[in-house]
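Participant: Sharing protein_29.csv (CSV, N, CA and C atoms) below.
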```csv
chain,number,residue,atom,x,y,z
K,1,MET,N,0.8,-1.2,0.0
K,1,MET,CA,0.0,0.0,0.0
K,1,MET,C,0.9,1.2,0.0
K,2,LYS,N,0.5,2.2,-0.9
K,2,LYS,CA,1.2,3.5,-0.9
K,2,LYS,C,0.8,4.3,0.3
K,3,ASP,N,1.6,5.4,0.6
K,3,ASP,CA,1.2,6.3,1.6
K,3,ASP,C,-0.2,6.9,1.1
K,4,GLN,N,-1.1,7.1,2.1
K,4,GLN,CA,-2.4,7.6,1.8
K,4,GLN,C,-2.6,9.0,2.4
K,5,LEU,N,-2.8,10.0,1.6
K,5,LEU,CA,-2.9,11.4,2.1
K,5,LEU,C,-4.4,11.8,2.0
K,6,PHE,N,-4.9,12.3,3.1
K,6,PHE,CA,-6.3,12.8,3.1
K,6,PHE,C,-6.3,14.3,3.4
K,7,LEU,N,-6.9,15.0,2.4
K,7,LEU,CA,-7.1,16.5,2.5
K,7,LEU,C,-8.6,16.8,2.4
K,8,LEU,N,-8.9,17.9,3.1
K,8,LEU,CA,-10.3,18.4,3.0
K,8,LEU,C,-10.6,19.1,1.7
K,9,LYS,N,-11.7,18.8,1.1
K,9,LYS,CA,-12.1,19.6,-0.1
K,9,LYS,C,-12.4,21.0,0.3
K,10,PRO,N,-12.0,22.0,-0.6
K,10,PRO,CA,-12.3,23.4,-0.3
K,10,PRO,C,-13.8,23.7,-0.5
K,11,ASP,N,-14.2,24.9,-0.1
K,11,ASP,CA,-15.5,25.4,-0.2
K,11,ASP,C,-16.6,24.7,0.6
K,12,PHE,N,-16.2,24.2,1.8
K,12,PHE,CA,-17.2,23.5,2.6
K,12,PHE,C,-17.9,24.5,3.5
K,13,LYS,N,-19.0,24.1,4.0
K,13,LYS,CA,-19.8,24.9,4.9
K,13,LYS,C,-19.7,24.2,6.3
K,14,ASP,N,-19.8,25.1,7.3
K,14,ASP,CA,-19.7,24.7,8.7
K,14,ASP,C,-20.8,25.4,9.5
K,15,GLN,N,-21.8,24.6,9.9
K,15,GLN,CA,-22.9,25.1,10.6
K,15,GLN,C,-23.6,26.3,9.9
K,16,GLY,N,-23.8,26.1,8.6
K,16,GLY,CA,-24.5,27.1,7.7
K,16,GLY,C,-23.6,28.2,7.3
K,17,SER,N,-22.4,28.4,7.7
K,17,SER,CA,-21.5,29.5,7.3
K,17,SER,C,-20.5,28.9,6.3
K,18,GLY,N,-19.9,29.9,5.6
K,18,GLY,CA,-18.9,29.5,4.6
K,18,GLY,C,-19.2,30.2,3.3
K,19,PRO,N,-18.5,29.8,2.3
K,19,PRO,CA,-17.6,28.6,2.2
K,19,PRO,C,-16.3,28.9,2.9
K,20,PHE,N,-15.7,27.8,3.3
K,20,PHE,CA,-14.4,27.8,3.9
K,20,PHE,C,-13.4,26.8,3.2
K,21,PHE,N,-12.1,27.0,3.6
K,21,PHE,CA,-11.1,26.0,3.2
K,21,PHE,C,-10.3,25.7,4.4
K,22,CYS,N,-9.7,24.6,4.4
K,22,CYS,CA,-8.8,24.2,5.6
K,22,CYS,C,-7.4,24.7,5.3
K,23,PRO,N,-6.9,25.6,6.1
K,23,PRO,CA,-5.5,26.1,5.9
K,23,PRO,C,-4.4,25.1,5.9
K,24,GLU,N,-4.6,24.1,6.8
K,24,GLU,CA,-3.6,23.0,6.9
K,24,GLU,C,-3.6,22.1,5.7
K,25,SER,N,-4.8,21.8,5.2
K,25,SER,CA,-4.9,21.0,3.9
K,25,SER,C,-4.3,21.9,2.8
K,26,ALA,N,-4.6,23.2,2.8
K,26,ALA,CA,-4.1,24.0,1.7
K,26,ALA,C,-2.5,24.1,1.7
K,27,LEU,N,-1.9,24.1,2.9
K,27,LEU,CA,-0.4,24.0,2.9
K,27,LEU,C,0.1,22.8,2.2
K,28,VAL,N,-0.5,21.6,2.5
K,28,VAL,CA,0.0,20.4,1.9
K,28,VAL,C,-0.3,20.4,0.4
K,29,GLU,N,-1.5,20.9,0.1
K,29,GLU,CA,-1.9,21.0,-1.3
K,29,GLU,C,-0.9,21.8,-2.1
K,30,GLY,N,-0.4,22.9,-1.5
K,30,GLY,CA,0.6,23.8,-2.1
K,30,GLY,C,1.9,23.0,-2.4
K,31,MET,N,2.3,22.1,-1.5
K,31,MET,CA,3.5,21.3,-1.7
K,31,MET,C,3.3,20.4,-2.9
K,32,LEU,N,2.1,19.8,-3.0
K,32,LEU,CA,1.7,18.9,-4.1
K,32,LEU,C,1.8,19.7,-5.4
K,33,SER,N,1.4,21.0,-5.4
K,33,SER,CA,1.4,21.7,-6.7
K,33,SER,C,2.9,22.1,-7.0
K,34,PHE,N,3.7,22.3,-6.0
K,34,PHE,CA,5.2,22.6,-6.3
K,34,PHE,C,5.8,21.4,-6.8
K,35,TYR,N,5.5,20.2,-6.3
K,35,TYR,CA,6.1,18.9,-6.7
K,35,TYR,C,5.1,17.9,-7.2
K,36,PRO,N,4.6,18.0,-8.4
K,36,PRO,CA,3.6,17.1,-8.9
K,36,PRO,C,4.0,15.6,-8.9
K,37,VAL,N,5.3,15.4,-8.9
K,37,VAL,CA,5.8,14.0,-8.8
K,37,VAL,C,5.2,13.3,-7.5
K,38,LEU,N,4.9,14.0,-6.5
K,38,LEU,CA,4.4,13.4,-5.3
K,38,LEU,C,3.0,12.7,-5.5
K,39,ARG,N,2.3,13.3,-6.5
K,39,ARG,CA,1.0,12.7,-6.8
K,39,ARG,C,1.1,11.3,-7.3
K,40,GLU,N,2.3,11.0,-7.9
K,40,GLU,CA,2.5,9.6,-8.4
K,40,GLU,C,3.0,8.7,-7.3
K,41,LYS,N,3.5,9.2,-6.3
K,41,LYS,CA,4.1,8.4,-5.2
K,41,LYS,C,3.1,8.2,-4.1
K,42,VAL,N,2.2,9.1,-3.9
K,42,VAL,CA,1.2,9.1,-2.8
K,42,VAL,C,-0.2,9.0,-3.3
K,43,ASP,N,-1.1,8.2,-2.7
K,43,ASP,CA,-2.5,8.3,-3.1
K,43,ASP,C,-3.1,9.4,-2.3
K,44,VAL,N,-3.6,10.4,-3.1
K,44,VAL,CA,-4.2,11.6,-2.5
K,44,VAL,C,-5.8,11.5,-2.6
K,45,HIS,N,-6.4,11.7,-1.4
K,45,HIS,CA,-7.9,11.6,-1.3
K,45,HIS,C,-8.4,12.9,-0.8
K,46,TYR,N,-9.4,13.5,-1.5
K,46,TYR,CA,-10.0,14.7,-1.1
K,46,TYR,C,-11.4,14.3,-0.5
K,47,ILE,N,-11.5,14.7,0.8
K,47,ILE,CA,-12.7,14.2,1.5
K,47,ILE,C,-13.5,15.4,2.0
K,48,ASN,N,-14.8,15.1,2.3
K,48,ASN,CA,-15.7,16.2,2.8
K,48,ASN,C,-15.4,16.6,4.2
K,49,PHE,N,-15.8,17.8,4.5
K,49,PHE,CA,-15.6,18.3,5.9
K,49,PHE,C,-16.5,17.6,6.9
K,50,GLU,N,-17.7,17.2,6.6
K,50,GLU,CA,-18.6,16.6,7.5
K,50,GLU,C,-18.1,15.3,8.1
K,51,LYS,N,-18.4,15.2,9.4
K,51,LYS,CA,-18.0,13.9,10.1
K,51,LYS,C,-19.2,13.0,10.2
K,52,PRO,N,-19.0,11.8,10.3
K,52,PRO,CA,-17.7,11.1,10.3
K,52,PRO,C,-17.1,11.0,8.9
K,53,ARG,N,-15.8,11.2,8.9
K,53,ARG,CA,-15.0,11.1,7.7
K,53,ARG,C,-14.6,9.6,7.5
K,54,GLN,N,-15.5,8.9,6.9
K,54,GLN,CA,-15.4,7.4,6.9
K,54,GLN,C,-14.2,6.9,6.3
K,55,GLU,N,-13.6,7.6,5.3
K,55,GLU,CA,-12.4,7.2,4.7
K,55,GLU,C,-11.2,7.1,5.7
K,56,ILE,N,-11.2,8.0,6.6
K,56,ILE,CA,-10.1,8.0,7.6
K,56,ILE,C,-10.5,7.1,8.8
K,57,VAL,N,-11.8,7.1,9.2
K,57,VAL,CA,-12.3,6.3,10.3
K,57,VAL,C,-12.0,4.9,10.0
K,58,SER,N,-12.2,4.4,8.8
K,58,SER,CA,-12.1,3.0,8.5
K,58,SER,C,-10.6,2.5,8.7
K,59,LEU,N,-9.7,3.5,8.6
K,59,LEU,CA,-8.2,3.1,8.7
K,59,LEU,C,-7.8,3.4,10.2
K,60,LEU,N,-8.2,4.5,10.8
K,60,LEU,CA,-7.6,4.9,12.0
K,60,LEU,C,-8.5,5.0,13.2
K,61,GLY,N,-9.8,4.9,13.0
K,61,GLY,CA,-10.8,5.0,14.1
K,61,GLY,C,-11.3,6.4,14.1
K,62,GLU,N,-12.5,6.5,14.8
K,62,GLU,CA,-13.2,7.8,14.9
K,62,GLU,C,-12.4,8.9,15.6
K,63,GLU,N,-11.6,8.6,16.5
K,63,GLU,CA,-10.8,9.6,17.3
K,63,GLU,C,-9.7,10.2,16.5
K,64,ASN,N,-9.4,9.7,15.3
K,64,ASN,CA,-8.3,10.2,14.5
K,64,ASN,C,-8.7,10.6,13.1
K,65,GLN,N,-9.9,11.2,13.0
K,65,GLN,CA,-10.4,11.6,11.7
K,65,GLN,C,-10.2,13.0,11.3
K,66,GLY,N,-9.3,13.7,12.0
K,66,GLY,CA,-8.9,15.1,11.6
K,66,GLY,C,-8.2,15.0,10.3
K,67,ALA,N,-8.1,16.2,9.7
K,67,ALA,CA,-7.4,16.3,8.4
K,67,ALA,C,-6.6,17.6,8.4
K,68,PRO,N,-5.5,17.6,7.7
K,68,PRO,CA,-4.9,16.6,6.9
K,68,PRO,C,-4.4,15.4,7.7
K,69,LYS,N,-4.3,14.3,7.0
K,69,LYS,CA,-3.8,13.1,7.6
K,69,LYS,C,-3.0,12.3,6.6
K,70,LEU,N,-1.8,11.8,6.9
K,70,LEU,CA,-1.0,11.0,6.1
K,70,LEU,C,-0.9,9.6,6.8
K,71,VAL,N,-1.5,8.6,6.2
K,71,VAL,CA,-1.4,7.2,6.7
K,71,VAL,C,-0.2,6.6,5.9
K,72,LEU,N,0.8,6.1,6.7
K,72,LEU,CA,2.0,5.6,6.0
K,72,LEU,C,1.7,4.2,5.4
K,73,GLY,N,2.3,4.0,4.3
K,73,GLY,CA,2.1,2.7,3.6
K,73,GLY,C,3.0,1.7,4.3
K,74,GLU,N,3.0,0.5,3.8
K,74,GLU,CA,3.8,-0.6,4.3
K,74,GLU,C,5.3,-0.4,3.9
K,75,GLY,N,6.1,-1.0,4.7
K,75,GLY,CA,7.5,-0.9,4.5
K,75,GLY,C,8.2,0.0,5.5
K,76,ILE,N,9.5,-0.2,5.5
K,76,ILE,CA,10.3,0.6,6.5
K,76,ILE,C,10.7,1.9,5.8
K,77,ARG,N,10.5,3.0,6.6
K,77,ARG,CA,10.9,4.3,6.1
K,77,ARG,C,11.7,5.0,7.2
K,78,ARG,N,12.6,5.8,6.7
K,78,ARG,CA,13.3,6.7,7.7
K,78,ARG,C,12.4,7.9,8.0
K,79,ILE,N,12.1,8.1,9.2
K,79,ILE,CA,11.2,9.2,9.7
K,79,ILE,C,12.1,10.3,10.2
K,80,PRO,N,12.0,11.5,9.6
K,80,PRO,CA,12.8,12.6,10.1
K,80,PRO,C,12.6,12.8,11.6
K,81,PRO,N,13.6,13.2,12.3
K,81,PRO,CA,13.5,13.3,13.8
K,81,PRO,C,12.5,14.4,14.2
K,82,GLU,N,12.2,15.4,13.4
K,82,GLU,CA,11.2,16.4,13.7
K,82,GLU,C,9.8,16.1,13.4
K,83,VAL,N,9.5,14.8,13.0
K,83,VAL,CA,8.2,14.4,12.6
K,83,VAL,C,7.7,13.4,13.6
K,84,SER,N,6.5,13.7,14.1
K,84,SER,CA,5.8,12.8,15.1
K,84,SER,C,4.9,11.8,14.4
K,85,VAL,N,5.1,10.5,14.7
K,85,VAL,CA,4.3,9.5,14.1
K,85,VAL,C,3.4,8.8,15.2
K,86,ASP,N,2.1,8.7,14.9
K,86,ASP,CA,1.2,8.1,15.8
K,86,ASP,C,0.8,6.7,15.2
K,87,THR,N,0.2,5.9,16.1
K,87,THR,CA,-0.3,4.6,15.6
K,87,THR,C,-1.7,4.4,16.1
K,88,ALA,N,-2.6,3.8,15.2
K,88,ALA,CA,-3.9,3.4,15.5
K,88,ALA,C,-4.3,2.3,14.6
K,89,ASN,N,-5.0,1.3,15.1
K,89,ASN,CA,-5.4,0.1,14.4
K,89,ASN,C,-4.2,-0.5,13.6
K,90,GLY,N,-3.0,-0.5,14.2
K,90,GLY,CA,-1.9,-1.1,13.6
K,90,GLY,C,-1.3,-0.3,12.4
K,91,ARG,N,-1.8,0.9,12.2
K,91,ARG,CA,-1.3,1.8,11.1
K,91,ARG,C,-0.6,3.0,11.7
K,92,LYS,N,0.5,3.4,11.0
K,92,LYS,CA,1.2,4.6,11.4
K,92,LYS,C,0.7,5.8,10.6
K,93,PHE,N,0.6,7.0,11.3
K,93,PHE,CA,0.1,8.2,10.6
K,93,PHE,C,0.7,9.4,11.1
K,94,ILE,N,0.7,10.5,10.3
K,94,ILE,CA,1.2,11.8,10.7
K,94,ILE,C,0.0,12.8,10.5
K,95,SER,N,-0.2,13.7,11.5
K,95,SER,CA,-1.3,14.6,11.5
K,95,SER,C,-1.0,16.0,11.3
K,96,LYS,N,0.2,16.5,11.6
K,96,LYS,CA,0.5,17.9,11.5
K,96,LYS,C,0.9,18.3,10.1
K,97,ASP,N,0.4,19.3,9.5
K,97,ASP,CA,0.6,19.7,8.1
K,97,ASP,C,2.1,19.9,7.8
K,98,ILE,N,2.8,20.6,8.6
K,98,ILE,CA,4.3,20.8,8.3
K,98,ILE,C,5.1,19.5,8.5
K,99,GLU,N,4.6,18.7,9.4
K,99,GLU,CA,5.3,17.4,9.5
K,99,GLU,C,5.0,16.5,8.4
K,100,ILE,N,3.8,16.5,7.8
K,100,ILE,CA,3.5,15.8,6.6
K,100,ILE,C,4.4,16.3,5.5
K,101,CYS,N,4.6,17.6,5.3
K,101,CYS,CA,5.5,18.1,4.3
K,101,CYS,C,6.9,17.7,4.5
K,102,ARG,N,7.4,17.7,5.7
K,102,ARG,CA,8.8,17.3,6.0
K,102,ARG,C,9.0,15.8,5.7
K,103,TYR,N,8.0,15.0,6.0
K,103,TYR,CA,8.1,13.5,5.7
K,103,TYR,C,8.1,13.3,4.2
K,104,LEU,N,7.2,14.0,3.5
K,104,LEU,CA,7.2,13.8,2.0
K,104,LEU,C,8.5,14.3,1.4
K,105,ALA,N,9.1,15.4,1.9
K,105,ALA,CA,10.3,15.8,1.4
K,105,ALA,C,11.4,14.8,1.6
K,106,SER,N,11.5,14.3,2.8
K,106,SER,CA,12.5,13.3,3.2
K,106,SER,C,12.4,12.0,2.4
K,107,THR,N,11.2,11.6,2.3
K,107,THR,CA,10.9,10.2,1.8
K,107,THR,C,11.0,10.2,0.2
K,108,TYR,N,10.6,11.3,-0.4
K,108,TYR,CA,10.4,11.3,-1.8
K,108,TYR,C,11.4,12.3,-2.5
K,109,GLY,N,12.4,12.8,-1.8
K,109,GLY,CA,13.5,13.6,-2.4
K,109,GLY,C,13.1,14.9,-3.0
K,110,VAL,N,12.2,15.6,-2.5
K,110,VAL,CA,11.8,16.9,-3.0
K,110,VAL,C,12.2,18.0,-1.9
K,111,GLY,N,12.0,19.3,-2.2
K,111,GLY,CA,12.4,20.3,-1.3
K,111,GLY,C,11.8,20.2,0.1
K,112,THR,N,12.6,20.6,1.1
K,112,THR,CA,12.2,20.6,2.5
K,112,THR,C,11.7,21.9,2.9
K,113,PRO,N,10.6,22.0,3.7
K,113,PRO,CA,10.2,23.3,4.2
K,113,PRO,C,11.3,24.0,5.0
K,114,HIS,N,11.4,25.3,4.8
K,114,HIS,CA,12.5,26.0,5.4
K,114,HIS,C,12.0,26.7,6.7
```
What would the structure in this file look like if it were written as structure tokens?
Facilitator:
Amino acid sequence: MKDQLFLLKPDFKDQGSGPFFCPESALVEGMLSFYPVLREKVDVHYINFEKPRQEIVSLLGEENQGAPKLVLGEGIRRIPPEVSVDTANGRKFISKDIEICRYLASTYGVGTPH
């Protein structure tokens, strides 16, 4: 399984207000636009704002359905020391936007956030 990246779709409504976008998802999306090769290496999923976010819940459980979320694929990877990896349902994942970007840079050989 490839790394699975979950980002919120833009223009969502929250309690009748909006449209909104998720700044954290937008940061990761920006990195994908700078480095399109990442889209070949990682499975990117755009999900709705509304909960439950079943795509993430099915992998990590209801308590871990925040986005963005990067669920690590199988295989041994070098995790940069500044990246926190959590585990749920036997799967490893990264939740913080900048840490997702640092992991992608380190793992796939693209520019690192400065």
Participant: Contacts of Glu82 of chain K at 8 Å or less, counting only N, CA and C atoms, minus same-chain residues fewer than 3 places along, as a list in words?
Facilitator: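 Non-adjacent residues within range: Ile79, Val85, Ile98, Glu99, Arg102 and Tyr103 of chain K.
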Participant: One decimal, Å: what's the distance from atom CA of Val42 of chain K over to atom CA of Gly90 of chain K, could you say?
Facilitator: 19.6 Å
Participant: What residues in chain K get the DSSP label helix (DSSP H, G or I)? Please answer as JSON, numbers by chain.
Facilitator: {"K": [23, 24, 25, 26, 27, 28, 29, 30, 31, 32, 33, 34, 38, 39, 40, 41, 54, 55, 56, 57, 58, 59, 60, 62, 63, 64, 97, 98, 99, 100, 101, 102, 103, 104, 105, 106, 107, 108]}
Participant: Between atom CA of Cys22 of chain K and atom CA of Arg78 of chain K, what is the spacing in Å?
Facilitator: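 Atom CA of Cys22 of chain K lies 28.3 Å from atom CA of Arg78 of chain K.
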Participant: Leu27 of chain K: which residues within 8 Å, counting only C-alpha atoms, same-chain residues fewer than 3 positions away excluded, as an MDAnalysis selection string?
Facilitator: chainID K and resid 23:24 30:31 97:98
Participant: Quick one: pull the distance between atom N of Gln65 of chain K and atom C of Phe93 of chain K, Å, one decimal.
Facilitator: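 One can read the atom N of Gln65 of chain K to atom C of Phe93 of chain K distance as 10.9 Å.
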Participant: So, counting only N, CA and C atoms, which residue among K:Phe49, K:Gly66, K:Gln54, K:Val71 is closest to Asp14 of chain K?
Facilitator: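 Closest residue, counting only N, CA and C atoms: K:Phe49.
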